[in-house]
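The structure appears right after this line, and notes come after that.
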Amino acid sequence: MHVTADAGKCRGYGSCMLEAPEVFDLDEDENKVILLQERPPESLHTKTDRAIRSCPAKALGTRDE
């Protein structure tokens with residue numbers, strides 16, 4: 001899994017950070033997503049998928065390696 005984050009689309013809702021804090025954080029100054037792990041371990045894939053789906057701004061996704 002290769003995670004992508006589009007800071008230009010991010011609106012700072014923070015739902016990704018709540019779902020998968022190991023993978024996502026929020027820059028409080030910019031109010032934008034920070035991607036902590038582009039390639040999270042398999043043990044975090046379910047949480048990461050949930051976080052991606054929870055993003056109201058559709059700023060998160062995955063791409064093929």
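To be explicit about the labels: the chains of the structure tokens are called A, B, and onward in the order shown, and within each one the residues are counted from 1, while ligands get numbers from 1 in the order they are shown.
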Exercise for the section: May I have the residues within 8 Å of A:Ala57 as a PyMOL selection string, using only C-alpha atoms and disregarding those fewer than 2 positions away in the same chain? Expected result: chain A and resi 9-11+55+59
Can you write out the residues you just picked, keeping N, CA and C atoms, as an mmCIF file, in the first residue's frame?
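The resulting part-v3.cif:
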```cif
data_model
loop_
_atom_site.group_PDB
_atom_site.id
_atom_site.type_symbol
_atom_site.label_atom_id
_atom_site.label_comp_id
_atom_site.auth_asym_id
_atom_site.auth_seq_id
_atom_site.Cartn_x
_atom_site.Cartn_y
_atom_site.Cartn_z
ATOM 1 N N LYS A 9 -6.174 19.779 -1.243
ATOM 2 C CA LYS A 9 -7.589 19.428 -1.040
ATOM 3 C C LYS A 9 -7.969 19.373 0.433
ATOM 4 N N CYS A 10 -6.975 19.185 1.293
ATOM 5 C CA CYS A 10 -7.228 19.008 2.721
ATOM 6 C C CYS A 10 -7.874 20.251 3.326
ATOM 7 N N ARG A 11 -8.884 20.025 4.157
ATOM 8 C CA ARG A 11 -9.581 21.115 4.837
ATOM 9 C C ARG A 11 -9.376 21.061 6.352
ATOM 10 N N CYS A 55 -12.260 10.682 5.006
ATOM 11 C CA CYS A 55 -11.889 12.053 4.641
ATOM 12 C C CYS A 55 -13.009 12.728 3.845
ATOM 13 N N ALA A 59 -9.105 14.018 0.159
ATOM 14 C CA ALA A 59 -7.711 14.420 -0.031
ATOM 15 C C ALA A 59 -6.747 13.254 0.075
#
```
Handout entry: Spatial neighbours of A:Leu26, max dist 10 Å, only C-alpha atoms, sep filter under 4 positions, as a PyMOL selection string
Key = chain A and resi 10+12-17+21+30-36
List every residue of chain A that DSSP, applied to the backbone, labels as helix (DSSP H, G or I), and write the result as a CSV table (one decimal) with N, CA and C atoms, in the first residue's frame.
```csv
chain,number,residue,atom,x,y,z
A,15,SER,N,-10.2,13.9,10.5
A,15,SER,CA,-10.8,12.5,10.7
A,15,SER,C,-9.7,11.4,10.4
A,16,CYS,N,-8.8,11.7,9.5
A,16,CYS,CA,-7.8,10.7,9.2
A,16,CYS,C,-6.9,10.5,10.4
A,17,MET,N,-6.5,11.5,11.1
A,17,MET,CA,-5.7,11.5,12.2
A,17,MET,C,-6.4,10.7,13.4
A,18,LEU,N,-7.7,10.8,13.5
A,18,LEU,CA,-8.4,10.1,14.5
A,18,LEU,C,-8.5,8.6,14.2
A,19,GLU,N,-8.6,8.3,12.9
A,19,GLU,CA,-8.7,6.9,12.5
A,19,GLU,C,-7.4,6.1,12.5
A,42,GLU,N,1.6,-3.7,6.9
A,42,GLU,CA,0.3,-4.4,6.6
A,42,GLU,C,-0.6,-4.4,7.9
A,43,SER,N,-0.1,-4.3,9.0
A,43,SER,CA,-0.9,-4.3,10.2
A,43,SER,C,-1.7,-3.0,10.4
A,44,LEU,N,-1.3,-2.0,9.6
A,44,LEU,CA,-2.1,-0.7,9.6
A,44,LEU,C,-3.0,-0.5,8.4
A,45,HIS,N,-3.0,-1.5,7.5
A,45,HIS,CA,-3.8,-1.3,6.3
A,45,HIS,C,-5.3,-1.0,6.5
A,46,THR,N,-5.9,-1.8,7.4
A,46,THR,CA,-7.3,-1.6,7.7
A,46,THR,C,-7.6,-0.3,8.3
A,47,LYS,N,-6.8,0.2,9.2
A,47,LYS,CA,-7.0,1.5,9.8
A,47,LYS,C,-6.7,2.6,8.8
A,48,THR,N,-5.7,2.4,7.9
A,48,THR,CA,-5.4,3.4,6.9
A,48,THR,C,-6.6,3.5,5.9
A,49,ASP,N,-7.1,2.4,5.5
A,49,ASP,CA,-8.3,2.4,4.5
A,49,ASP,C,-9.4,3.1,5.2
A,50,ARG,N,-9.7,2.8,6.4
A,50,ARG,CA,-10.8,3.5,7.1
A,50,ARG,C,-10.6,5.0,7.2
A,51,ALA,N,-9.3,5.4,7.4
A,51,ALA,CA,-9.0,6.8,7.5
A,51,ALA,C,-9.2,7.5,6.1
A,52,ILE,N,-8.8,6.8,5.1
A,52,ILE,CA,-8.9,7.4,3.7
A,52,ILE,C,-10.4,7.5,3.4
A,53,ARG,N,-11.2,6.6,3.7
A,53,ARG,CA,-12.6,6.6,3.4
A,53,ARG,C,-13.3,7.7,4.3
A,54,SER,N,-12.8,8.0,5.4
A,54,SER,CA,-13.4,9.0,6.3
A,54,SER,C,-13.1,10.4,5.9
```
Problem - Picked from stretch 12-58 of chain A by DSSP as strand (DSSP E or B), as a VMD selection string - result: chain A and resid 24 to 27 32 to 35
Hey, can you spit out that residue selection with N, CA and C atoms as a short mmCIF file (atom, residue, chain, number, x, y, z; two decimals), in the first residue's frame?
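And here is the file that came out, again-v6.cif:
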```cif
data_model
loop_
_atom_site.label_atom_id
_atom_site.label_comp_id
_atom_site.auth_asym_id
_atom_site.auth_seq_id
_atom_site.Cartn_x
_atom_site.Cartn_y
_atom_site.Cartn_z
N PHE A 24 -1.27 9.35 9.85
CA PHE A 24 -1.62 10.73 9.53
C PHE A 24 -1.53 11.63 10.76
N ASP A 25 -1.17 12.87 10.52
CA ASP A 25 -1.19 13.89 11.56
C ASP A 25 -1.71 15.17 10.91
N LEU A 26 -1.88 16.20 11.72
CA LEU A 26 -2.41 17.47 11.22
C LEU A 26 -1.46 18.59 11.61
N ASP A 27 -1.01 19.34 10.63
CA ASP A 27 -0.19 20.52 10.88
C ASP A 27 -1.13 21.61 11.39
N LYS A 32 -3.43 21.40 7.69
CA LYS A 32 -3.32 20.46 6.57
C LYS A 32 -2.79 19.13 7.06
N VAL A 33 -3.11 18.09 6.31
CA VAL A 33 -2.67 16.74 6.63
C VAL A 33 -1.16 16.62 6.49
N ILE A 34 -0.57 15.84 7.38
CA ILE A 34 0.83 15.44 7.31
C ILE A 34 0.85 13.92 7.20
N LEU A 35 1.50 13.42 6.20
CA LEU A 35 1.60 11.98 5.99
C LEU A 35 2.84 11.48 6.73
#
```
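One distance worth recording is that between atom CA of A:Arg39 and atom CA of A:Ala7, which is 17.6 Å.
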Exercise for the section: May I ask for the distance between atom CA of A:Arg63 and atom CA of A:Glu22, given in Å to one decimal place? Expected result: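 Separation between atom CA of A:Arg63 and atom CA of A:Glu22: 19.0 Å.
Across the structure, atom CA of A:Val23 and atom CA of A:Gln37 are spaced 5.1 Å apart.
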Handout entry: Top pick for closest residue to A:Gly8, considering A:Asp64, A:Glu28, A:Glu38, A:Lys58 and counting only C-alpha atoms
Key =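 Selected residue with least distance to A:Gly8: A:Lys58.
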